[in-house]
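A.B. asks: The file below is upload.tsv, TSV, C-alpha atoms:
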```tsv
chain	number	residue	atom	x	y	z
A	21	MET	CA	34.10	-71.21	-68.74
A	22	PRO	CA	34.61	-68.98	-65.65
A	23	ASN	CA	31.58	-67.61	-63.93
A	24	GLN	CA	31.04	-64.97	-61.28
A	25	THR	CA	31.80	-67.22	-58.32
A	26	SER	CA	35.17	-68.33	-59.75
A	27	VAL	CA	36.47	-64.78	-60.17
A	28	THR	CA	38.55	-63.93	-57.10
A	29	GLU	CA	40.45	-61.01	-58.58
A	30	PHE	CA	40.59	-58.75	-61.61
A	31	LEU	CA	43.61	-57.68	-63.61
A	32	LEU	CA	43.73	-53.96	-64.35
A	33	LEU	CA	45.50	-53.54	-67.67
A	34	GLY	CA	45.61	-49.78	-67.95
A	35	PHE	CA	49.18	-48.68	-68.59
A	36	TYR	CA	50.60	-52.17	-68.00
A	37	ASP	CA	51.48	-52.81	-71.66
A	38	PHE	CA	53.93	-49.92	-71.57
A	39	GLN	CA	56.41	-51.28	-69.03
A	40	GLU	CA	59.04	-48.65	-69.77
A	41	LEU	CA	56.52	-45.97	-68.77
A	42	GLN	CA	55.55	-47.42	-65.38
A	43	ILE	CA	57.77	-45.05	-63.37
A	44	LEU	CA	56.65	-42.08	-65.48
A	45	HIS	CA	53.03	-43.13	-64.91
A	46	PHE	CA	53.65	-43.27	-61.16
A	47	VAL	CA	55.32	-39.83	-61.07
A	48	VAL	CA	52.65	-38.17	-63.22
A	49	PHE	CA	49.79	-39.64	-61.18
A	50	LEU	CA	51.58	-38.71	-57.95
A	51	LEU	CA	51.89	-35.08	-59.05
A	52	ILE	CA	48.24	-35.03	-60.18
A	53	TYR	CA	47.08	-36.56	-56.90
A	54	LEU	CA	49.12	-34.13	-54.80
A	55	ALA	CA	47.74	-31.21	-56.81
A	56	ALA	CA	44.17	-32.42	-56.21
A	57	LEU	CA	44.90	-33.08	-52.53
A	58	VAL	CA	46.43	-29.66	-51.88
A	59	GLY	CA	43.87	-27.76	-53.96
A	60	ASN	CA	40.77	-29.36	-52.43
A	61	LEU	CA	42.13	-29.28	-48.87
A	62	LEU	CA	42.92	-25.59	-49.26
A	63	ILE	CA	39.40	-24.87	-50.51
A	64	PHE	CA	37.93	-26.85	-47.61
A	65	MET	CA	40.12	-25.18	-44.96
A	66	VAL	CA	39.65	-21.68	-46.31
A	67	ILE	CA	35.87	-22.01	-46.29
A	68	ALA	CA	35.73	-23.81	-42.95
A	69	PHE	CA	37.93	-21.32	-41.07
A	70	ASP	CA	36.86	-18.03	-42.66
A	71	HIS	CA	33.50	-16.78	-41.44
A	72	HIS	CA	33.22	-14.43	-44.42
A	73	LEU	CA	32.69	-17.51	-46.58
A	74	HIS	CA	29.98	-19.12	-44.46
A	75	THR	CA	27.36	-18.70	-47.17
A	76	PRO	CA	25.31	-21.29	-49.11
A	77	MET	CA	27.47	-21.08	-52.25
A	78	TYR	CA	30.69	-21.79	-50.34
A	79	PHE	CA	29.03	-24.41	-48.16
A	80	PHE	CA	28.19	-26.36	-51.32
A	81	LEU	CA	31.69	-25.72	-52.69
A	82	MET	CA	33.18	-27.19	-49.51
A	83	ASN	CA	31.07	-30.32	-50.01
A	84	LEU	CA	32.22	-30.48	-53.63
A	85	SER	CA	35.86	-30.38	-52.51
A	86	VAL	CA	35.28	-33.33	-50.17
A	87	LEU	CA	33.62	-35.32	-52.96
A	88	ASP	CA	36.38	-34.48	-55.44
A	89	LEU	CA	39.07	-35.50	-53.00
A	90	GLY	CA	37.27	-38.76	-52.31
A	91	SER	CA	36.67	-39.61	-55.98
A	92	ILE	CA	40.31	-39.21	-57.03
A	93	SER	CA	41.43	-41.14	-53.93
A	94	VAL	CA	39.38	-44.16	-55.01
A	95	THR	CA	41.25	-44.74	-58.28
A	96	VAL	CA	44.64	-43.00	-58.43
A	97	PRO	CA	46.43	-44.38	-55.32
A	98	LYS	CA	45.66	-48.00	-56.33
A	99	SER	CA	46.92	-47.35	-59.86
A	100	MET	CA	50.07	-45.74	-58.45
A	101	ALA	CA	50.66	-48.68	-56.11
A	102	ASN	CA	50.26	-51.17	-58.96
A	103	SER	CA	52.78	-49.25	-61.07
A	104	LEU	CA	55.28	-49.03	-58.23
A	105	MET	CA	55.01	-52.73	-57.38
A	106	ASN	CA	54.81	-53.78	-61.05
A	107	THR	CA	51.54	-55.61	-60.53
A	108	ARG	CA	48.06	-55.20	-61.96
A	109	SER	CA	45.74	-57.19	-59.70
A	110	ILE	CA	42.83	-56.00	-57.61
A	111	SER	CA	40.75	-58.35	-55.47
A	112	TYR	CA	37.10	-59.01	-56.27
A	113	ALA	CA	36.06	-57.22	-53.07
A	114	GLY	CA	38.43	-54.37	-53.89
A	115	CYS	CA	36.89	-54.01	-57.32
A	116	VAL	CA	33.37	-53.96	-55.83
A	117	ALA	CA	34.47	-51.32	-53.31
A	118	GLN	CA	36.13	-49.23	-56.02
A	119	VAL	CA	33.02	-49.27	-58.21
A	120	PHE	CA	30.73	-48.50	-55.26
A	121	PHE	CA	32.70	-45.56	-53.87
A	122	LEU	CA	33.51	-44.07	-57.26
A	123	LEU	CA	29.86	-44.14	-58.36
A	124	PHE	CA	28.73	-42.87	-54.96
A	125	LEU	CA	31.12	-39.91	-55.09
A	126	LEU	CA	30.54	-39.09	-58.77
A	127	GLY	CA	26.76	-39.40	-58.36
A	128	SER	CA	26.81	-37.13	-55.31
A	129	ASP	CA	29.09	-34.75	-57.19
A	130	PHE	CA	26.62	-34.36	-60.05
A	131	SER	CA	23.65	-33.99	-57.69
A	132	LEU	CA	25.53	-31.30	-55.80
A	133	LEU	CA	26.32	-29.45	-59.03
A	134	THR	CA	22.57	-29.45	-59.75
A	135	VAL	CA	21.90	-28.00	-56.30
A	136	MET	CA	24.58	-25.35	-56.89
A	137	ALA	CA	22.86	-24.34	-60.13
A	138	TYR	CA	19.63	-23.85	-58.17
A	139	ASP	CA	21.53	-21.80	-55.58
A	140	ARG	CA	22.85	-19.46	-58.30
A	141	TYR	CA	19.37	-19.21	-59.83
A	142	VAL	CA	17.80	-18.13	-56.53
A	143	ALA	CA	20.68	-15.74	-55.74
A	144	ILE	CA	20.43	-13.89	-59.06
A	145	CYS	CA	16.82	-14.31	-60.16
A	146	GLN	CA	15.14	-14.09	-56.73
A	147	PRO	CA	17.60	-12.15	-54.54
A	148	LEU	CA	14.93	-10.83	-52.17
A	149	HIS	CA	13.92	-14.38	-51.23
A	150	TYR	CA	17.46	-15.79	-51.13
A	151	ASP	CA	17.95	-15.70	-47.35
A	152	THR	CA	14.58	-17.37	-46.80
A	153	MET	CA	14.87	-20.04	-49.50
A	154	MET	CA	18.54	-20.85	-48.90
A	155	ASN	CA	18.65	-20.81	-45.10
A	156	SER	CA	21.07	-23.06	-43.23
A	157	ARG	CA	18.51	-25.83	-42.74
A	158	ALA	CA	17.59	-25.87	-46.43
A	159	CYS	CA	21.26	-25.97	-47.43
A	160	VAL	CA	22.00	-28.93	-45.15
A	161	GLN	CA	18.95	-30.77	-46.49
A	162	MET	CA	19.98	-30.13	-50.10
A	163	ALA	CA	23.56	-31.23	-49.51
A	164	GLY	CA	22.34	-34.30	-47.60
A	165	SER	CA	19.97	-35.16	-50.43
A	166	ALA	CA	22.86	-34.97	-52.90
A	167	TRP	CA	24.94	-37.39	-50.80
A	168	ILE	CA	21.99	-39.78	-50.32
A	169	SER	CA	21.16	-39.75	-54.04
A	170	GLY	CA	24.78	-40.71	-54.70
A	171	ILE	CA	24.48	-43.69	-52.36
A	172	LEU	CA	21.25	-44.87	-54.02
A	173	PHE	CA	22.78	-44.41	-57.48
A	174	SER	CA	25.84	-46.41	-56.47
A	175	VAL	CA	23.91	-49.22	-54.77
A	176	LEU	CA	21.74	-49.63	-57.88
A	177	HIS	CA	24.65	-49.81	-60.33
A	178	THR	CA	27.11	-51.74	-58.16
A	179	GLY	CA	24.56	-54.34	-57.10
A	180	ASN	CA	23.28	-54.76	-60.64
A	181	THR	CA	26.77	-55.04	-62.16
A	182	PHE	CA	28.18	-57.61	-59.75
A	183	ALA	CA	24.99	-59.67	-59.81
A	184	LEU	CA	25.89	-60.50	-63.41
A	185	THR	CA	27.80	-63.60	-64.50
A	186	PHE	CA	31.36	-63.01	-65.66
A	187	CYS	CA	32.16	-65.27	-68.60
A	188	GLY	CA	34.90	-63.29	-70.34
A	189	GLY	CA	37.81	-63.72	-67.97
A	190	ASN	CA	39.05	-61.17	-65.46
A	191	MET	CA	41.16	-58.70	-67.47
A	192	VAL	CA	39.75	-55.17	-67.20
A	193	ASP	CA	40.92	-52.86	-70.00
A	194	GLN	CA	41.26	-49.88	-67.69
A	195	PHE	CA	43.43	-48.59	-64.81
A	196	PHE	CA	40.49	-49.00	-62.40
A	197	CYS	CA	37.29	-51.05	-62.23
A	198	GLU	CA	35.01	-49.24	-64.67
A	199	ILE	CA	31.50	-50.50	-65.38
A	200	PRO	CA	31.65	-50.35	-69.22
A	201	GLN	CA	34.84	-52.44	-69.13
A	202	LEU	CA	33.38	-54.88	-66.58
A	203	LEU	CA	30.31	-55.36	-68.77
A	204	LYS	CA	32.60	-56.61	-71.54
A	205	LEU	CA	33.46	-59.55	-69.27
A	206	THR	CA	29.86	-60.58	-68.59
A	207	CYS	CA	27.78	-63.13	-70.48
A	208	SER	CA	26.11	-61.70	-73.57
A	209	ASP	CA	22.62	-62.48	-72.28
A	210	SER	CA	23.09	-61.06	-68.78
A	211	TYR	CA	24.53	-57.57	-69.27
A	212	LEU	CA	21.34	-56.12	-70.78
A	213	SER	CA	19.85	-55.41	-67.35
A	214	GLU	CA	22.77	-53.12	-66.46
A	215	VAL	CA	22.56	-51.49	-69.89
A	216	GLY	CA	18.93	-50.73	-69.08
A	217	VAL	CA	19.97	-49.18	-65.77
A	218	ILE	CA	22.61	-47.10	-67.55
A	219	VAL	CA	19.98	-45.84	-70.03
A	220	PHE	CA	17.68	-44.94	-67.12
A	221	THR	CA	20.56	-43.13	-65.41
A	222	VAL	CA	21.41	-41.23	-68.58
A	223	CYS	CA	17.80	-40.02	-68.73
A	224	LEU	CA	18.03	-38.77	-65.12
A	225	VAL	CA	21.38	-37.08	-65.79
A	226	LEU	CA	19.99	-35.42	-68.91
A	227	GLY	CA	16.99	-34.25	-66.87
A	228	CYS	CA	19.31	-32.64	-64.31
A	229	PHE	CA	21.41	-31.18	-67.10
A	230	VAL	CA	18.33	-29.66	-68.77
A	231	PHE	CA	17.34	-28.21	-65.36
A	232	MET	CA	20.78	-26.59	-65.11
A	233	ILE	CA	20.56	-25.23	-68.66
A	234	VAL	CA	17.10	-23.74	-68.01
A	235	SER	CA	18.39	-22.24	-64.74
A	236	TYR	CA	21.28	-20.61	-66.53
A	237	VAL	CA	19.08	-19.27	-69.32
A	238	GLN	CA	17.01	-17.52	-66.64
A	239	ILE	CA	20.19	-16.38	-64.88
A	240	PHE	CA	21.66	-14.88	-68.04
A	241	LYS	CA	18.37	-13.10	-68.80
A	242	SER	CA	18.40	-11.58	-65.31
A	243	VAL	CA	22.08	-10.63	-65.51
A	244	LEU	CA	21.63	-8.86	-68.83
A	245	ARG	CA	18.90	-6.73	-67.22
A	246	ILE	CA	21.34	-5.43	-64.59
A	247	PRO	CA	22.01	-1.79	-65.55
A	248	SER	CA	25.64	-1.53	-64.45
A	249	GLU	CA	28.44	-3.34	-66.25
A	250	GLN	CA	30.16	-3.96	-62.91
A	251	GLY	CA	27.05	-5.69	-61.58
A	252	GLN	CA	26.86	-7.89	-64.66
A	253	HIS	CA	30.51	-8.83	-64.33
A	254	LYS	CA	30.09	-9.74	-60.65
A	255	ALA	CA	27.03	-11.90	-61.39
A	256	PHE	CA	28.77	-13.68	-64.26
A	257	SER	CA	31.89	-14.28	-62.15
A	258	THR	CA	29.87	-16.32	-59.63
A	259	CYS	CA	28.25	-18.44	-62.37
A	260	LEU	CA	30.98	-19.11	-64.94
A	261	PRO	CA	33.13	-21.31	-62.64
A	262	HIS	CA	30.15	-23.55	-61.91
A	263	LEU	CA	29.20	-23.69	-65.59
A	264	SER	CA	32.79	-24.65	-66.49
A	265	VAL	CA	32.85	-27.44	-63.90
A	266	VAL	CA	29.48	-28.81	-65.04
A	267	SER	CA	30.53	-28.79	-68.69
A	268	LEU	CA	33.79	-30.59	-67.91
A	269	PHE	CA	32.07	-33.21	-65.75
A	270	VAL	CA	29.10	-33.91	-68.04
A	271	CYS	CA	31.00	-33.95	-71.36
A	272	THR	CA	33.77	-36.29	-70.22
A	273	GLY	CA	31.44	-38.58	-68.26
A	274	ALA	CA	28.87	-38.81	-71.05
A	275	PHE	CA	31.54	-39.59	-73.62
A	276	ALA	CA	33.01	-42.34	-71.42
A	277	TYR	CA	29.72	-44.13	-70.80
A	278	LEU	CA	27.90	-43.55	-74.09
A	279	LYS	CA	30.62	-44.28	-76.63
A	280	PRO	CA	30.75	-47.86	-77.94
A	281	THR	CA	33.28	-49.98	-76.05
A	282	SER	CA	36.08	-51.41	-78.17
A	283	SER	CA	36.75	-55.14	-78.13
A	284	SER	CA	40.49	-54.57	-77.59
A	285	PRO	CA	42.37	-52.23	-75.22
A	286	SER	CA	42.18	-48.67	-76.51
A	287	ALA	CA	44.31	-45.64	-75.65
A	288	LEU	CA	41.17	-43.53	-76.14
A	289	ASP	CA	39.43	-45.42	-73.31
A	290	LEU	CA	42.33	-44.60	-70.98
A	291	VAL	CA	42.38	-40.94	-71.96
A	292	VAL	CA	38.62	-40.55	-71.49
A	293	ALA	CA	38.75	-42.31	-68.10
A	294	VAL	CA	41.47	-39.91	-66.96
A	295	LEU	CA	39.43	-36.96	-68.23
A	296	TYR	CA	36.29	-37.76	-66.21
A	297	SER	CA	37.76	-39.45	-63.11
A	298	VAL	CA	41.05	-37.59	-62.58
A	299	LEU	CA	40.87	-34.21	-64.31
A	300	PRO	CA	37.77	-32.66	-62.59
A	301	PRO	CA	39.09	-33.06	-59.00
A	302	VAL	CA	42.31	-31.34	-60.10
A	303	MET	CA	40.67	-28.59	-62.13
A	304	ASN	CA	37.75	-27.71	-59.84
A	305	PRO	CA	39.87	-25.91	-57.18
A	306	ILE	CA	41.69	-24.03	-59.95
A	307	ILE	CA	38.46	-23.05	-61.73
A	308	TYR	CA	36.74	-21.89	-58.53
A	309	SER	CA	39.71	-20.00	-57.08
A	310	MET	CA	41.38	-18.57	-60.19
A	311	ARG	CA	39.00	-15.59	-60.59
A	312	ASN	CA	37.31	-15.70	-57.18
A	313	LYS	CA	38.43	-12.64	-55.21
A	314	GLU	CA	36.73	-13.84	-52.01
A	315	ILE	CA	38.61	-17.15	-52.05
A	316	LYS	CA	41.89	-15.37	-52.76
A	317	ALA	CA	41.29	-12.85	-49.96
A	318	ALA	CA	40.36	-15.63	-47.51
A	319	LEU	CA	43.47	-17.58	-48.51
A	320	ARG	CA	45.63	-14.53	-47.79
A	321	ARG	CA	43.97	-14.12	-44.41
A	322	LEU	CA	44.50	-17.81	-43.63
A	323	THR	CA	48.19	-17.76	-44.58
A	324	GLY	CA	48.86	-14.32	-43.14
A	325	CYS	CA	49.98	-12.92	-46.50
A	326	ARG	CA	49.13	-9.39	-47.59
```
How would this structure read if it were set down as structure tokens?
C.D. replies:
Amino acid sequence: MPNQTSVTEFLLLGFYDFQELQILHFVVFLLIYLAALVGNLLIFMVIAFDHHLHTPMYFFLMNLSVLDLGSISVTVPKSMANSLMNTRSISYAGCVAQVFFLLFLLGSDFSLLTVMAYDRYVAICQPLHYDTMMNSRACVQMAGSAWISGILFSVLHTGNTFALTFCGGNMVDQFFCEIPQLLKLTCSDSYLSEVGVIVFTVCLVLGCFVFMIVSYVQIFKSVLRIPSEQGQHKAFSTCLPHLSVVSLFVCTGAFAYLKPTSSSPSALDLVVAVLYSVLPPVMNPIIYSMRNKEIKAALRRLTGCR
């Protein structure tokens, strides 16, 4: 029976069973990756080079773009390479690295979304204190805390997962190394510790989510007290993109990690993994720029278009 020390590589099943779709898989993932790359780089460059956008909200959005670009780069290029070369292997060290960086980036992403909710709360509910509470030093500290919390989250989960004994072979029923699928390969009496960590993490995530919900309840109360309809619309337009991104991230991630894992490869597992690991980095630039007049104006200034 294989144990942890005998596993030198993992086999990523993913789309491998559908050999006739390998090229289509490569093309689709390439287009998705290029869309995420272009969208997030544009957001980053527009904010970095336009002084009109050097505000706390856009500073956090720039950080979010970096995290999104990193998270999709951890999984999609490897899956594309495997499809192109008609292989499915990933080394043990590569799997560890993939899990670590993906959890680090996703954990930081969620922490940053929580910070962004606080930023919107202060901006709308306490506007007179906004410049004092959200000064440049405070913003850097908040963003840094989000990144550090992601590292701690990732170290905890990655270390705990790969400290387990793998008794169920090395075939991962996913297109990247995903913890729920890796736990299926561990001994029945050793995976409970990681399940406990996942439960603890879910409690923390729910706590942050409740904080965001409470923040938005207060925000909506304040917005509805604004006398002018134009003022209400402007306030809502700065909050709805963030609320959309949070909903997309939390719903897809929660479904992926809380639903019971199937004993055999499932198309639903693949779809859910794509939804939480691939879709948000592609959609976030669209959501934040689609109805954001400041981003559009800055983009026109950057490209020289009128």
A.B. asks: Residues proximal to (31.5, -28.5, -42.8) were defined as those with any atom within 9 Å of that point in the file's coordinates, counting all atoms listed in the file. Which are they, as a PyMOL selection string?
C.D. replies: chain A and resi 64+67-68+79+82-83
A.B. asks: Compile the contact shell of A:Ser174 as a tab-separated table (two decimals) with C-alpha atoms, in the coordinates of the input: residues with an atom at most 10 Å away, counting all atoms listed in the file, same-chain residues fewer than 4 positions apart removed.
C.D. replies:
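Final file, out_35.tsv:
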```tsv
chain	number	residue	atom	x	y	z
A	119	VAL	CA	33.02	-49.27	-58.21
A	120	PHE	CA	30.73	-48.50	-55.26
A	121	PHE	CA	32.70	-45.56	-53.87
A	122	LEU	CA	33.51	-44.07	-57.26
A	123	LEU	CA	29.86	-44.14	-58.36
A	124	PHE	CA	28.73	-42.87	-54.96
A	125	LEU	CA	31.12	-39.91	-55.09
A	126	LEU	CA	30.54	-39.09	-58.77
A	127	GLY	CA	26.76	-39.40	-58.36
A	128	SER	CA	26.81	-37.13	-55.31
A	168	ILE	CA	21.99	-39.78	-50.32
A	169	SER	CA	21.16	-39.75	-54.04
A	170	GLY	CA	24.78	-40.71	-54.70
A	178	THR	CA	27.11	-51.74	-58.16
A	179	GLY	CA	24.56	-54.34	-57.10
A	180	ASN	CA	23.28	-54.76	-60.64
```
A.B. asks: If you count all atoms listed in the file, which residues fall within 12 Å of A:Thr75, apart from same-chain ones fewer than 3 positions away, as a PyMOL selection string?
C.D. replies: chain A and resi 67-68+70-72+78-82+139+143+150-151+154-156+159-160+314
A.B. asks: What is the distance, in Å and to one decimal place, between atom CA of A:Leu54 and atom CA of A:Val302?
C.D. replies: 9.1 Å
A.B. asks: Show which residues sit within 12 Å of A:Phe269, as a list in words. Count only C-alpha atoms, and ignore same-chain residues fewer than 6 positions away.
C.D. replies: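 Close residues of A:Phe269: Asp88, Leu126, Gly127, Asp129, Phe130, Ser131, Leu133, Thr134, Val225, Phe229, His262, Leu263, Phe275, Ala276, Val292, Ala293, Val294, Leu295, Tyr296, Ser297, Val298, Leu299, Pro300, Pro301, Val302, Met303 and Asn304 of chain A.
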A.B. asks: Pick out the residues sitting within 7 Å of A:Leu33, and hand them over as a list in words; count only C-alpha atoms, and ignore anything fewer than 3 positions along from it in its own chain.
C.D. replies: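 Near A:Leu33, the qualifying residues are Tyr36, Arg108, Met191, Val192, Asp193, Gln194 and Phe195 of chain A.
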A.B. asks: Could you take the residues named above and write them with C-alpha atoms, as a PDB file, keeping the file's coordinate frame?
C.D. replies:
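Result written to out13.pdb:
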```pdb
ATOM      1  CA  TYR A  36      50.600 -52.170 -68.000  1.00  0.00           C
ATOM      2  CA  ARG A 108      48.060 -55.200 -61.960  1.00  0.00           C
ATOM      3  CA  MET A 191      41.160 -58.700 -67.470  1.00  0.00           C
ATOM      4  CA  VAL A 192      39.750 -55.170 -67.200  1.00  0.00           C
ATOM      5  CA  ASP A 193      40.920 -52.860 -70.000  1.00  0.00           C
ATOM      6  CA  GLN A 194      41.260 -49.880 -67.690  1.00  0.00           C
ATOM      7  CA  PHE A 195      43.430 -48.590 -64.810  1.00  0.00           C
TER       8      PHE A 195
END
```
A.B. asks: Do a neighbour search on A:Phe240 at 9 Å with all atoms listed in the file, toss out local chain neighbours closer than 5 positions, and write the hits as a list in words.
C.D. replies: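 With the cut-off at 9 Å, the set is Ser235, Arg245 and Phe256 of chain A.
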A.B. asks: For A:Val27, which residue out of A:Ser264, A:Thr221, A:Ser109, A:Thr258 is the nearest one, using only C-alpha atoms?
C.D. replies: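 Among A:Ser264, A:Thr221, A:Ser109, A:Thr258, it is A:Ser109 that comes nearest to A:Val27.
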A.B. asks: Atom CA of A:Val291 and atom CA of A:Asn60, how far apart in Å?
C.D. replies: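 Value for the atom CA of A:Asn60-atom CA of A:Val291 distance: 22.8 Å.
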A.B. asks: Could you state the separation of atom CA of A:Lys313 and atom CA of A:Pro76 in Å, given to one decimal place?
C.D. replies: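 Separation of atom CA of A:Lys313 and atom CA of A:Pro76: 16.9 Å.
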A.B. asks: Using all atoms listed in the file, can you tell me which of A:Met77, A:Leu50, A:Ala56, A:Ile199 comes closest to A:Val116?
C.D. replies: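 Closest candidate: A:Ile199.
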